[in-house]
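Q: Provided herewith: structure16.cif, mmCIF, C-alpha atoms.
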data_protein
#
loop_
_atom_site.label_atom_id
_atom_site.label_comp_id
_atom_site.auth_asym_id
_atom_site.auth_seq_id
_atom_site.Cartn_x
_atom_site.Cartn_y
_atom_site.Cartn_z
CA MET A 1 7.42 -36.47 6.44
CA SER A 2 3.89 -35.58 5.41
CA SER A 3 3.18 -33.46 2.39
CA PRO A 4 0.54 -30.77 1.85
CA LEU A 5 -1.35 -33.31 -0.22
CA THR A 6 -1.68 -35.78 2.65
CA PHE A 7 -2.68 -32.84 4.84
CA LEU A 8 -5.46 -31.94 2.44
CA THR A 9 -6.69 -35.50 1.89
CA GLU A 10 -6.76 -36.41 5.59
CA ALA A 11 -10.46 -36.31 6.52
CA SER A 12 -9.87 -35.25 10.12
CA ASN A 13 -8.22 -32.04 8.93
CA TRP A 14 -11.50 -30.99 7.33
CA THR A 15 -13.83 -31.42 10.29
CA GLY A 16 -14.19 -29.79 13.70
CA PRO A 17 -14.05 -26.13 14.72
CA ASP A 18 -10.43 -25.81 13.54
CA GLY A 19 -10.92 -27.87 10.38
CA ILE A 20 -10.57 -26.64 6.82
CA ALA A 21 -14.35 -26.63 6.26
CA SER A 22 -15.09 -24.51 9.30
CA ARG A 23 -12.29 -22.02 8.65
CA LEU A 24 -13.18 -21.81 4.97
CA GLY A 25 -16.76 -21.08 6.04
CA THR A 26 -15.64 -18.34 8.42
CA HIS A 27 -13.31 -16.93 5.79
CA MET A 28 -16.00 -16.74 3.10
CA TRP A 29 -18.76 -15.59 5.43
CA VAL A 30 -16.77 -12.69 6.86
CA SER A 31 -15.57 -11.77 3.34
CA LEU A 32 -19.12 -11.77 2.00
CA THR A 33 -20.57 -9.67 4.80
CA ALA A 34 -17.66 -7.21 4.59
CA VAL A 35 -18.13 -6.74 0.84
CA LEU A 36 -21.89 -6.34 1.29
CA ALA A 37 -21.45 -3.77 4.06
CA ALA A 38 -18.91 -1.87 1.96
CA ALA A 39 -21.26 -1.99 -1.04
CA VAL A 40 -24.12 -0.53 1.00
CA VAL A 41 -21.90 2.43 1.87
CA ALA A 42 -19.95 2.87 -1.36
CA LEU A 43 -22.34 2.09 -4.22
CA PRO A 44 -25.17 4.59 -3.59
CA LEU A 45 -22.67 7.40 -3.03
CA GLY A 46 -20.57 6.45 -6.05
CA VAL A 47 -23.58 6.04 -8.33
CA TYR A 48 -25.04 9.34 -7.16
CA LEU A 49 -21.82 11.29 -7.70
CA GLY A 50 -21.42 9.63 -11.09
CA HIS A 51 -25.02 10.51 -11.96
CA ILE A 52 -24.44 14.20 -11.30
CA ARG A 53 -21.00 13.89 -12.95
CA ARG A 54 -19.03 15.10 -9.98
CA GLY A 55 -15.98 13.94 -8.09
CA ARG A 56 -13.96 12.23 -10.81
CA VAL A 57 -10.79 14.05 -9.71
CA ALA A 58 -11.44 13.02 -6.11
CA ALA A 59 -11.93 9.41 -7.23
CA VAL A 60 -8.50 9.32 -8.85
CA ALA A 61 -6.91 10.85 -5.76
CA ILE A 62 -8.62 8.28 -3.52
CA ALA A 63 -7.49 5.46 -5.81
CA ASN A 64 -3.87 6.57 -5.54
CA LEU A 65 -4.00 7.17 -1.81
CA THR A 66 -5.63 3.86 -0.93
CA ARG A 67 -3.09 1.95 -2.96
CA ALA A 68 -0.45 3.47 -0.69
CA ILE A 69 -2.11 2.11 2.46
CA PRO A 70 -1.25 -1.56 2.99
CA SER A 71 -4.00 -3.84 4.31
CA PHE A 72 -1.77 -4.95 7.18
CA ALA A 73 -1.42 -1.29 8.19
CA VAL A 74 -5.19 -0.84 8.25
CA LEU A 75 -5.62 -3.98 10.32
CA ALA A 76 -2.89 -3.03 12.80
CA PHE A 77 -4.26 0.48 13.00
CA VAL A 78 -7.74 -0.76 13.94
CA VAL A 79 -6.17 -2.92 16.64
CA ALA A 80 -4.08 0.02 17.91
CA ALA A 81 -7.14 2.29 17.97
CA GLY A 82 -8.73 -0.06 20.47
CA GLY A 83 -10.60 -2.35 18.06
CA GLY A 84 -9.70 -5.43 20.11
CA ILE A 85 -8.61 -8.66 18.41
CA GLY A 86 -10.29 -11.33 16.33
CA PHE A 87 -13.42 -10.68 14.30
CA LYS A 88 -13.89 -6.98 15.00
CA PRO A 89 -10.61 -5.47 13.73
CA THR A 90 -10.49 -7.94 10.83
CA TRP A 91 -13.99 -7.13 9.66
CA THR A 92 -13.51 -3.38 10.12
CA ALA A 93 -10.30 -3.43 8.09
CA MET A 94 -11.96 -5.54 5.39
CA VAL A 95 -14.85 -3.10 5.03
CA ALA A 96 -12.47 -0.14 4.98
CA LEU A 97 -10.41 -1.77 2.22
CA ALA A 98 -13.42 -2.80 0.12
CA ILE A 99 -15.04 0.64 0.07
CA PRO A 100 -12.56 2.53 -2.19
CA PRO A 101 -12.57 0.16 -5.20
CA LEU A 102 -16.36 -0.19 -5.06
CA PHE A 103 -16.87 3.56 -4.71
CA ILE A 104 -14.48 4.39 -7.54
CA SER A 105 -15.88 1.81 -9.95
CA ALA A 106 -19.45 2.99 -9.31
CA LEU A 107 -18.53 6.64 -9.72
CA VAL A 108 -16.39 6.22 -12.82
CA GLY A 109 -18.69 3.57 -14.31
CA VAL A 110 -21.65 5.94 -14.25
CA ALA A 111 -19.77 9.18 -14.91
CA GLU A 112 -18.00 7.85 -18.01
CA ILE A 113 -21.22 6.92 -19.79
CA ASP A 114 -21.53 8.76 -23.08
CA ASP A 115 -23.63 11.93 -22.73
CA ALA A 116 -25.41 10.97 -25.94
CA VAL A 117 -26.79 7.85 -24.24
CA VAL A 118 -28.19 9.91 -21.38
CA ASP A 119 -29.61 12.45 -23.82
CA ALA A 120 -31.25 9.69 -25.82
CA ALA A 121 -32.77 8.24 -22.66
CA ARG A 122 -34.11 11.67 -21.76
CA GLY A 123 -35.36 12.16 -25.30
CA MET A 124 -37.31 8.92 -25.01
CA GLY A 125 -39.15 10.51 -22.12
CA MET A 126 -37.41 8.76 -19.25
CA ARG A 127 -37.59 10.38 -15.85
CA PRO A 128 -34.29 11.04 -14.00
CA ARG A 129 -34.90 7.95 -11.87
CA GLN A 130 -35.50 5.82 -14.97
CA ILE A 131 -32.39 7.22 -16.64
CA LEU A 132 -30.46 6.07 -13.58
CA THR A 133 -31.99 2.59 -13.21
CA LEU A 134 -32.60 1.71 -16.89
CA ALA A 135 -29.62 3.34 -18.60
CA GLU A 136 -26.83 4.43 -16.33
CA ILE A 137 -26.63 1.59 -13.81
CA PRO A 138 -26.90 -1.25 -16.38
CA LEU A 139 -24.18 0.37 -18.48
CA ALA A 140 -21.93 0.72 -15.43
CA VAL A 141 -22.21 -2.99 -14.57
CA PRO A 142 -19.00 -4.20 -16.29
CA LEU A 143 -16.86 -1.64 -14.46
CA LEU A 144 -18.74 -2.27 -11.23
CA LEU A 145 -17.91 -5.96 -11.50
CA SER A 146 -14.23 -5.21 -11.96
CA GLY A 147 -14.39 -3.01 -8.87
CA LEU A 148 -16.07 -5.87 -7.06
CA ARG A 149 -13.25 -8.17 -8.15
CA VAL A 150 -10.58 -5.83 -6.78
CA ALA A 151 -12.54 -5.45 -3.54
CA SER A 152 -13.01 -9.22 -3.17
CA SER A 153 -9.35 -10.05 -3.66
CA GLN A 154 -8.44 -7.37 -1.09
CA VAL A 155 -10.98 -8.76 1.32
CA ILE A 156 -9.97 -12.40 0.95
CA ALA A 157 -6.32 -11.45 1.49
CA THR A 158 -7.23 -9.40 4.55
CA ALA A 159 -9.29 -12.22 6.02
CA THR A 160 -6.10 -14.29 5.80
CA LEU A 161 -4.28 -11.56 7.70
CA GLY A 162 -7.02 -11.73 10.34
CA ALA A 163 -5.43 -14.93 11.64
CA PHE A 164 -2.46 -12.84 12.74
CA VAL A 165 -4.71 -10.90 15.10
CA GLY A 166 -6.38 -14.00 16.47
CA TYR A 167 -9.28 -14.64 14.09
CA ASN A 168 -10.05 -18.23 13.09
CA THR A 169 -9.87 -17.91 9.27
CA LEU A 170 -7.90 -19.94 6.73
CA GLY A 171 -4.86 -17.85 7.62
CA ARG A 172 -4.75 -19.88 10.84
CA PHE A 173 -3.17 -22.78 8.95
CA ILE A 174 -0.30 -20.45 8.13
CA THR A 175 0.17 -19.04 11.65
CA VAL A 176 -0.17 -22.45 13.34
CA GLY A 177 1.82 -24.21 10.61
CA ARG A 178 4.63 -21.73 11.11
CA ALA A 179 4.52 -21.86 14.90
CA ASN A 180 4.64 -25.68 14.94
CA ARG A 181 7.07 -25.91 12.01
CA ASP A 182 4.41 -28.02 10.29
CA ASP A 183 5.14 -27.39 6.61
CA ALA A 184 2.42 -29.79 5.47
CA MET A 185 -0.20 -27.70 7.27
CA LEU A 186 1.40 -24.43 6.11
CA TYR A 187 1.45 -25.40 2.43
CA GLY A 188 -1.95 -27.09 2.71
CA GLY A 189 -3.28 -23.76 3.95
CA VAL A 190 -1.47 -21.91 1.17
CA ILE A 191 -3.10 -24.19 -1.42
CA VAL A 192 -6.60 -23.70 0.02
CA ILE A 193 -6.24 -19.90 0.26
CA VAL A 194 -4.74 -19.45 -3.19
CA GLY A 195 -7.35 -21.81 -4.65
CA THR A 196 -10.16 -19.87 -3.02
CA ALA A 197 -8.77 -16.54 -4.19
CA LEU A 198 -8.31 -17.83 -7.74
CA ILE A 199 -11.80 -19.31 -7.95
CA VAL A 200 -13.49 -16.13 -6.73
CA ASP A 201 -11.33 -14.03 -9.07
CA GLN A 202 -12.13 -16.21 -12.08
CA LEU A 203 -15.87 -16.27 -11.30
CA LEU A 204 -15.99 -12.48 -11.15
CA ARG A 205 -13.95 -12.21 -14.35
CA LEU A 206 -16.43 -14.52 -16.01
CA ALA A 207 -19.35 -12.43 -14.74
CA ALA A 208 -17.68 -9.26 -16.06
CA LYS A 209 -17.19 -10.88 -19.46
CA ARG A 210 -20.83 -11.98 -19.54
CA SER A 211 -22.00 -8.48 -18.68
CA LEU A 212 -19.92 -7.09 -21.55
CA GLN A 213 -21.46 -9.53 -24.00
CA TRP A 214 -24.88 -8.39 -22.90
CA ARG A 215 -23.82 -4.83 -23.56
CA LYS A 216 -22.52 -5.64 -27.02
CA ALA A 217 -25.80 -7.30 -27.95
CA GLN A 218 -27.68 -4.20 -26.90
CA GLN A 219 -25.61 -1.80 -28.98
CA MET B 220 -5.43 -0.33 25.68
CA ASP B 221 -7.12 1.87 28.24
CA ALA B 222 -4.66 4.61 29.17
CA GLU B 223 -2.12 3.98 26.42
CA PRO B 224 -2.15 6.90 23.95
CA LEU B 225 -2.03 6.27 20.19
CA ILE B 226 1.38 7.86 20.05
CA ARG B 227 4.05 8.65 22.61
CA TRP B 228 6.21 11.38 21.15
CA ASP B 229 8.98 10.84 23.69
CA TRP B 230 9.39 7.25 22.43
CA LEU B 231 9.74 8.55 18.91
CA GLY B 232 12.32 11.11 20.03
CA ASN B 233 14.39 8.44 21.80
CA HIS B 234 14.24 5.92 18.96
CA LEU B 235 15.01 7.98 15.89
CA ASP B 236 17.98 5.75 15.01
CA ASP B 237 15.69 2.69 15.17
CA VAL B 238 13.17 4.36 12.89
CA TRP B 239 15.95 5.42 10.54
CA GLU B 240 17.23 1.86 10.31
CA ARG B 241 13.73 0.61 9.40
CA THR B 242 13.49 3.39 6.83
CA THR B 243 16.69 2.37 5.08
CA GLU B 244 15.60 -1.29 5.13
CA HIS B 245 12.23 -0.42 3.69
CA LEU B 246 13.77 1.73 0.99
CA LEU B 247 16.44 -0.84 0.13
CA LEU B 248 13.88 -3.64 -0.32
CA THR B 249 11.69 -1.35 -2.41
CA VAL B 250 14.55 -0.26 -4.66
CA VAL B 251 15.79 -3.83 -5.20
CA ALA B 252 12.32 -5.15 -6.05
CA PHE B 253 11.50 -2.12 -8.18
CA PHE B 254 14.55 -2.37 -10.42
CA ALA B 255 14.63 -6.16 -10.57
CA GLY B 256 10.94 -6.08 -11.49
CA LEU B 257 11.57 -3.38 -14.08
CA VAL B 258 14.33 -5.39 -15.77
CA ILE B 259 12.29 -8.61 -15.86
CA SER B 260 9.15 -6.79 -17.01
CA ALA B 261 11.07 -5.12 -19.81
CA MET B 262 12.35 -8.52 -20.94
CA LEU B 263 8.87 -10.07 -20.76
CA THR B 264 7.44 -7.13 -22.69
CA SER B 265 9.98 -7.40 -25.48
CA ILE B 266 9.47 -11.17 -25.62
CA SER B 267 5.71 -10.77 -25.89
CA ARG B 268 6.13 -8.14 -28.59
CA ARG B 269 8.57 -10.15 -30.65
CA TRP B 270 6.73 -13.48 -30.35
CA ARG B 271 3.04 -12.61 -30.24
CA TRP B 272 1.89 -16.07 -29.11
CA THR B 273 3.71 -15.61 -25.78
CA ALA B 274 1.50 -12.65 -24.83
CA THR B 275 -1.41 -14.83 -23.66
CA PRO B 276 0.57 -17.16 -21.37
CA ILE B 277 2.55 -14.21 -19.97
CA SER B 278 -0.59 -12.31 -19.07
CA ALA B 279 -2.21 -15.49 -17.68
CA VAL B 280 0.74 -16.12 -15.37
CA THR B 281 0.89 -12.51 -14.15
CA THR B 282 -2.87 -12.58 -13.48
CA VAL B 283 -2.65 -15.77 -11.43
CA LEU B 284 0.39 -14.57 -9.46
CA TYR B 285 -1.34 -11.30 -8.73
CA THR B 286 -4.27 -13.12 -7.16
CA ILE B 287 -2.06 -14.75 -4.52
CA PRO B 288 -2.38 -12.75 -1.30
CA SER B 289 1.02 -11.30 -0.42
CA ILE B 290 0.97 -12.73 3.09
CA VAL B 291 0.56 -16.20 1.60
CA LEU B 292 3.47 -15.78 -0.78
CA PHE B 293 5.72 -14.58 2.04
CA ALA B 294 4.66 -17.50 4.25
CA ALA B 295 5.20 -20.01 1.45
CA LEU B 296 8.70 -18.76 0.63
CA ILE B 297 10.09 -18.64 4.17
CA PRO B 298 10.56 -22.42 4.73
CA TRP B 299 12.44 -22.50 1.40
CA LEU B 300 14.58 -19.42 1.57
CA GLY B 301 14.99 -18.74 5.30
CA THR B 302 14.34 -15.38 6.90
CA GLY B 303 17.11 -13.36 5.25
CA LEU B 304 16.75 -10.75 2.55
CA SER B 305 15.99 -13.34 -0.13
CA VAL B 306 12.33 -13.92 0.84
CA PRO B 307 11.23 -10.29 0.59
CA ALA B 308 13.46 -9.77 -2.44
CA VAL B 309 11.90 -12.70 -4.33
CA ALA B 310 8.31 -12.04 -3.24
CA LEU B 311 8.46 -8.29 -3.85
CA THR B 312 10.16 -8.68 -7.21
CA THR B 313 7.40 -11.09 -8.19
CA TYR B 314 4.69 -8.56 -7.39
CA SER B 315 6.73 -5.80 -8.96
CA LEU B 316 6.93 -7.55 -12.32
CA VAL B 317 3.36 -8.80 -12.08
CA VAL B 318 2.05 -5.25 -11.64
CA LEU B 319 4.37 -3.61 -14.14
CA THR B 320 4.34 -6.02 -17.09
CA PRO B 321 0.71 -5.38 -18.17
CA PHE B 322 1.36 -1.63 -18.01
CA LEU B 323 4.47 -1.93 -20.18
CA ILE B 324 2.74 -4.14 -22.75
CA VAL B 325 -0.17 -1.70 -23.08
CA ALA B 326 2.18 1.32 -23.13
CA PHE B 327 4.07 0.02 -26.15
CA ASP B 328 0.98 -1.38 -27.86
CA GLU B 329 -0.61 2.04 -27.83
CA VAL B 330 2.15 3.76 -29.74
CA ASP B 331 0.54 4.82 -33.01
CA ARG B 332 1.30 2.45 -35.89
CA ALA B 333 1.50 5.38 -38.36
CA THR B 334 4.25 7.00 -36.29
CA LEU B 335 6.27 3.78 -36.42
CA ASP B 336 5.78 3.58 -40.19
CA ALA B 337 6.99 7.17 -40.48
CA ALA B 338 10.10 6.28 -38.44
CA ASP B 339 10.75 3.29 -40.72
CA ALA B 340 10.26 5.45 -43.79
CA MET B 341 12.84 7.91 -42.46
CA GLY B 342 15.33 5.04 -42.55
CA MET B 343 15.63 4.44 -38.81
CA THR B 344 17.05 1.13 -37.67
CA ARG B 345 15.06 -0.96 -35.17
CA ARG B 346 17.24 0.28 -32.35
CA GLN B 347 16.96 3.93 -33.36
CA ARG B 348 13.21 3.58 -33.67
CA LEU B 349 12.96 1.99 -30.22
CA VAL B 350 15.16 4.56 -28.49
CA SER B 351 14.07 7.77 -30.16
CA VAL B 352 10.43 7.03 -31.07
CA GLU B 353 8.83 4.13 -29.21
CA ILE B 354 10.26 4.66 -25.72
CA PRO B 355 9.61 8.44 -25.65
CA LEU B 356 6.03 7.95 -26.86
CA ALA B 357 5.34 5.12 -24.42
CA LEU B 358 6.93 7.02 -21.54
CA PRO B 359 3.84 8.62 -19.94
CA ALA B 360 2.09 5.25 -19.70
CA VAL B 361 5.31 3.62 -18.48
CA ILE B 362 5.66 6.23 -15.72
CA ALA B 363 2.03 5.63 -14.71
CA GLY B 364 2.85 1.91 -14.40
CA LEU B 365 6.02 2.60 -12.44
CA ARG B 366 4.07 4.75 -9.98
CA VAL B 367 1.52 2.02 -9.30
CA THR B 368 4.33 -0.54 -8.99
CA ALA B 369 6.41 1.51 -6.54
CA VAL B 370 3.44 2.32 -4.33
CA THR B 371 2.32 -1.32 -4.34
CA ILE B 372 5.80 -2.59 -3.39
CA ILE B 373 6.14 -0.12 -0.52
CA GLY B 374 2.83 -1.38 0.88
CA LEU B 375 3.91 -5.01 0.47
CA VAL B 376 7.24 -4.47 2.26
CA THR B 377 5.08 -3.48 5.23
CA VAL B 378 3.16 -6.76 5.00
CA GLY B 379 6.48 -8.63 5.16
CA GLY B 380 6.96 -7.13 8.61
CA ILE B 381 4.51 -9.69 9.96
CA PHE B 382 7.32 -12.21 9.56
CA GLY B 383 9.99 -9.75 10.64
CA LEU B 384 11.36 -9.43 7.13
CA GLY B 385 12.45 -5.82 7.62
CA GLY B 386 11.12 -2.32 7.09
CA TYR B 387 8.29 -0.44 8.75
CA GLY B 388 6.23 -3.62 9.02
CA ASN B 389 8.62 -4.78 11.75
CA LEU B 390 7.65 -1.75 13.81
CA ILE B 391 3.96 -2.54 13.31
CA GLN B 392 4.40 -6.21 14.22
CA ASP B 393 6.40 -5.27 17.34
CA GLY B 394 3.64 -2.87 18.26
CA LEU B 395 1.03 -5.63 17.93
CA ASN B 396 3.10 -8.09 19.95
CA ARG B 397 3.77 -5.62 22.74
CA ALA B 398 0.35 -3.94 22.56
CA PHE B 399 2.21 -0.65 22.08
CA PRO B 400 0.20 1.54 19.67
CA THR B 401 2.98 4.10 19.13
CA LEU B 402 4.97 1.55 17.10
CA ILE B 403 1.92 0.71 14.99
CA VAL B 404 1.05 4.34 14.29
CA VAL B 405 4.65 5.25 13.43
CA GLY B 406 4.97 2.25 11.10
CA VAL B 407 1.67 2.89 9.35
CA VAL B 408 2.19 6.63 8.92
CA LEU B 409 5.77 6.36 7.68
CA SER B 410 4.88 3.56 5.27
CA VAL B 411 2.10 5.64 3.70
CA LEU B 412 4.33 8.71 3.71
CA MET B 413 7.11 6.87 1.89
CA ALA B 414 4.62 5.70 -0.74
CA LEU B 415 3.39 9.25 -1.32
CA VAL B 416 6.91 10.71 -1.49
CA VAL B 417 8.12 8.06 -3.94
CA ASP B 418 4.96 8.56 -6.01
CA LEU B 419 5.60 12.30 -6.25
CA LEU B 420 9.24 11.62 -7.04
CA LEU B 421 8.24 9.45 -9.99
CA VAL B 422 5.87 12.15 -11.23
CA ALA B 423 8.80 14.57 -11.12
CA VAL B 424 11.06 12.11 -12.93
CA GLY B 425 8.35 11.63 -15.54
CA ALA B 426 8.15 15.37 -16.13
CA MET B 427 11.94 15.61 -16.31
CA VAL B 428 12.47 12.86 -18.86
CA SER B 429 9.65 14.05 -21.11
CA PRO B 430 10.21 17.83 -21.28
CA TRP B 431 8.33 18.05 -24.59
CA ARG B 432 5.05 17.37 -22.79
CA ARG B 433 5.38 20.37 -20.53
CA SER B 434 4.48 22.95 -23.14
CA ARG B 435 1.08 21.36 -23.75
#
Go ahead and express the file in the form of structure tokens.
A:
Amino acid sequence: MSSPLTFLTEASNWTGPDGIASRLGTHMWVSLTAVLAAAVVALPLGVYLGHIRRGRVAAVAIANLTRAIPSFAVLAFVVAAGGGIGFKPTWTAMVALAIPPLFISALVGVAEIDDAVVDAARGMGMRPRQILTLAEIPLAVPLLLSGLRVASSQVIATATLGAFVGYNTLGRFITVGRANRDDAMLYGGVIVIVGTALIVDQLLRLAAKRSLQWRKAQQ
Amino acid sequence: MDAEPLIRWDWLGNHLDDVWERTTEHLLLTVVAFFAGLVISAMLTSISRRWRWTATPISAVTTVLYTIPSIVLFAALIPWLGTGLSVPAVALTTYSLVVLTPFLIVAFDEVDRATLDAADAMGMTRRQRLVSVEIPLALPAVIAGLRVTAVTIIGLVTVGGIFGLGGYGNLIQDGLNRAFPTLIVVGVVLSVLMALVVDLLLVAVGAMVSPWRRSR
């Protein structure tokens, strides 16, 4: 009876197209591109709406609504709507799930900035563009990073789900481990996925903490 | 899925009993996890308030547990607990308490110290103070936490359907296996609908149990 530990320490499980290294690479690469694509869509819109102080009510409504939509439902829906299987539905669902937290954190992060700060920036002779890039966006960074953390954990979890629609991510160790009743592989996969999720989460928490320290020093 | 429409209404009409069964399963799992999570969260909150040093480890554990993708937790529990009700019950209760506990801790922490002093000065016992001052004042924040928790659990029950653990997720998984979009659409729509209805219900309960807020 092999244990998850022997599964993880066996070199042959790490190499090859179905090895841990390759699937981890796929998992992280698709997560990264999905978050970037979502950021390109969500951040400019969120920052702009925050800048003109509009849409806070809509942001709250979106936050509530998106919490009600499970990631598995999004994924299955993309498949049902003819999105095929494998990379395409997984990536589409990941982008769709990453947009709301990024959008909301950008909007709220900018909109909640004290009016006095914006007035001071204007009083110093800053142009609207400078107010945005030198005052509003830097001050929104801590909240933006927490939005990024929520988006990343969503995305990493959804990439795992991608294995259930035929995509070769880390979730594959769970689907194959289950199908073959190979608990060592199943729990090995669980350890790698949870470890990855925890590391990314902690790194982003650390970054958010750093960005707050910077803000304190400025005040 | 060339000619297959997103939804076949005649299927829905012929399978209402099926859909109803999934609805009761989904609701049952949600209710069990919700109340079990509420009880455990309340205990954790009172522990962390009575012994301050426990607050840090409690929040550390809830943070770590929350990071675990739900699909992974389900998959990890199945070889242990089989495919009965116990896997979704344990996994969902875990998420329930993980989401709710931070809300409860903050809700009670934010009750104004001066108000508590006033209650003490009026000669209230600890229990009286808790029941007639602290809980009513913490209630709006508690309700907000309960709403997030309920909506989260309903979504996670759906994820459990991947492993056939019951609820609307089973419909979705069947739909994926059989390449039959109607099942997927019905499962997705009903799951979101249930979340919205329960959310509104909790808003109504919140308004009912704190009538003094209505006048403001």
Q: Tell me, as a ChimeraX atom specification, which residues lie within 8 Å of Thr249 (chain B), counting all atoms listed in the file; anything in the same chain fewer than 2 positions away does not count.
A: /B:245-247,251-253,311,369,372-373,376
Q: Check what the PyMOL selection byres ((chain A) within 9 of (chain B)) selects in the file above and give those residues as a VMD selection string.
A: chain A and resid 64 to 65 67 to 74 76 to 77 79 to 82 84 153 to 154 156 to 158 160 to 161 164 to 165 171 174 to 175 178 181 183 186 to 187 189 to 190 193 to 195 197 to 198 201
Q: Take the residues that were just selected and, keeping C-alpha atoms, output them as a PDB file, in the coordinates of the input.
A:
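Saved to out20.pdb:
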ATOM      1  CA  ASN A  64      -3.870   6.570  -5.540  1.00  0.00           C
ATOM      2  CA  LEU A  65      -4.000   7.170  -1.810  1.00  0.00           C
ATOM      3  CA  ARG A  67      -3.090   1.950  -2.960  1.00  0.00           C
ATOM      4  CA  ALA A  68      -0.450   3.470  -0.690  1.00  0.00           C
ATOM      5  CA  ILE A  69      -2.110   2.110   2.460  1.00  0.00           C
ATOM      6  CA  PRO A  70      -1.250  -1.560   2.990  1.00  0.00           C
ATOM      7  CA  SER A  71      -4.000  -3.840   4.310  1.00  0.00           C
ATOM      8  CA  PHE A  72      -1.770  -4.950   7.180  1.00  0.00           C
ATOM      9  CA  ALA A  73      -1.420  -1.290   8.190  1.00  0.00           C
ATOM     10  CA  VAL A  74      -5.190  -0.840   8.250  1.00  0.00           C
ATOM     11  CA  ALA A  76      -2.890  -3.030  12.800  1.00  0.00           C
ATOM     12  CA  PHE A  77      -4.260   0.480  13.000  1.00  0.00           C
ATOM     13  CA  VAL A  79      -6.170  -2.920  16.640  1.00  0.00           C
ATOM     14  CA  ALA A  80      -4.080   0.020  17.910  1.00  0.00           C
ATOM     15  CA  ALA A  81      -7.140   2.290  17.970  1.00  0.00           C
ATOM     16  CA  GLY A  82      -8.730  -0.060  20.470  1.00  0.00           C
ATOM     17  CA  GLY A  84      -9.700  -5.430  20.110  1.00  0.00           C
ATOM     18  CA  SER A 153      -9.350 -10.050  -3.660  1.00  0.00           C
ATOM     19  CA  GLN A 154      -8.440  -7.370  -1.090  1.00  0.00           C
ATOM     20  CA  ILE A 156      -9.970 -12.400   0.950  1.00  0.00           C
ATOM     21  CA  ALA A 157      -6.320 -11.450   1.490  1.00  0.00           C
ATOM     22  CA  THR A 158      -7.230  -9.400   4.550  1.00  0.00           C
ATOM     23  CA  THR A 160      -6.100 -14.290   5.800  1.00  0.00           C
ATOM     24  CA  LEU A 161      -4.280 -11.560   7.700  1.00  0.00           C
ATOM     25  CA  PHE A 164      -2.460 -12.840  12.740  1.00  0.00           C
ATOM     26  CA  VAL A 165      -4.710 -10.900  15.100  1.00  0.00           C
ATOM     27  CA  GLY A 171      -4.860 -17.850   7.620  1.00  0.00           C
ATOM     28  CA  ILE A 174      -0.300 -20.450   8.130  1.00  0.00           C
ATOM     29  CA  THR A 175       0.170 -19.040  11.650  1.00  0.00           C
ATOM     30  CA  ARG A 178       4.630 -21.730  11.110  1.00  0.00           C
ATOM     31  CA  ARG A 181       7.070 -25.910  12.010  1.00  0.00           C
ATOM     32  CA  ASP A 183       5.140 -27.390   6.610  1.00  0.00           C
ATOM     33  CA  LEU A 186       1.400 -24.430   6.110  1.00  0.00           C
ATOM     34  CA  TYR A 187       1.450 -25.400   2.430  1.00  0.00           C
ATOM     35  CA  GLY A 189      -3.280 -23.760   3.950  1.00  0.00           C
ATOM     36  CA  VAL A 190      -1.470 -21.910   1.170  1.00  0.00           C
ATOM     37  CA  ILE A 193      -6.240 -19.900   0.260  1.00  0.00           C
ATOM     38  CA  VAL A 194      -4.740 -19.450  -3.190  1.00  0.00           C
ATOM     39  CA  GLY A 195      -7.350 -21.810  -4.650  1.00  0.00           C
ATOM     40  CA  ALA A 197      -8.770 -16.540  -4.190  1.00  0.00           C
ATOM     41  CA  LEU A 198      -8.310 -17.830  -7.740  1.00  0.00           C
ATOM     42  CA  ASP A 201     -11.330 -14.030  -9.070  1.00  0.00           C
TER      43      ASP A 201
END
Q: Could you write out as a ChimeraX atom specification the residues that the PyMOL selection byres ((chain B and resi 357) around 12) matches in the shown file?
A: /B:322-331,349-356,358-364,425,428-429
Q: Out of A:Ser211, A:Thr133, A:Ser152, A:Asn13, which residue has the shortest atom-to-atom distance to Leu97 (chain A) when counting all atoms listed in the file?
A: A:Ser152
Q: Rounded to one decimal, what separation in Å do you get between CA of Ala159 (chain A) and CA of Val95 (chain A)?
A: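 Separation between CA of Ala159 (chain A) and CA of Val95 (chain A): 10.7 Å.
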Q: CA of Phe254 (chain B) and CA of Arg269 (chain B), how far apart in Å?
A: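 Taking CA of Arg269 (chain B) and CA of Phe254 (chain B), their separation equals 22.5 Å.
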Q: Need to verify the contact set: Thr66 (chain A), 9 Å, all atoms listed in the file, exclusion of same-chain residues closer than 5 positions in sequence. Can you return it as a list of chain:residue names?
A: A:Ala61, A:Leu97, A:Pro100, A:Pro101
Q: What gap, in Å, lies between CA of Gln130 (chain A) and CA of Ile104 (chain A)?
A: 22.3 Å
Q: Name the residues in contact with Met185 (chain A) at a cut-off of 7 Å, using all atoms listed in the file, excluding same-chain residues fewer than 3 positions from it; report them as a ChimeraX atom specification.
A: /A:4,7,173,177,182,188-189
Q: Could you list, as a PDB file with C-alpha atoms, in the frame of the given file, every residue within 6 Å of region 110-118 of chain A, counting only C-alpha atoms and ignoring same-chain residues fewer than 6 positions away?
A:
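Final file, result_25.pdb:
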ATOM      1  CA  GLY A  50     -21.420   9.630 -11.090  1.00  0.00           C
ATOM      2  CA  ARG A  53     -21.000  13.890 -12.950  1.00  0.00           C
ATOM      3  CA  GLU A 136     -26.830   4.430 -16.330  1.00  0.00           C
ATOM      4  CA  ALA A 140     -21.930   0.720 -15.430  1.00  0.00           C
TER       5      ALA A 140
END
Q: With distances taken over only C-alpha atoms, which of B:Met341, B:Val405, B:Val306, B:Leu319 is nearest to Gly256 (chain B)?
A: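 Of B:Met341, B:Val405, B:Val306, B:Leu319, the one nearest Gly256 (chain B) is B:Leu319, counting only C-alpha atoms.
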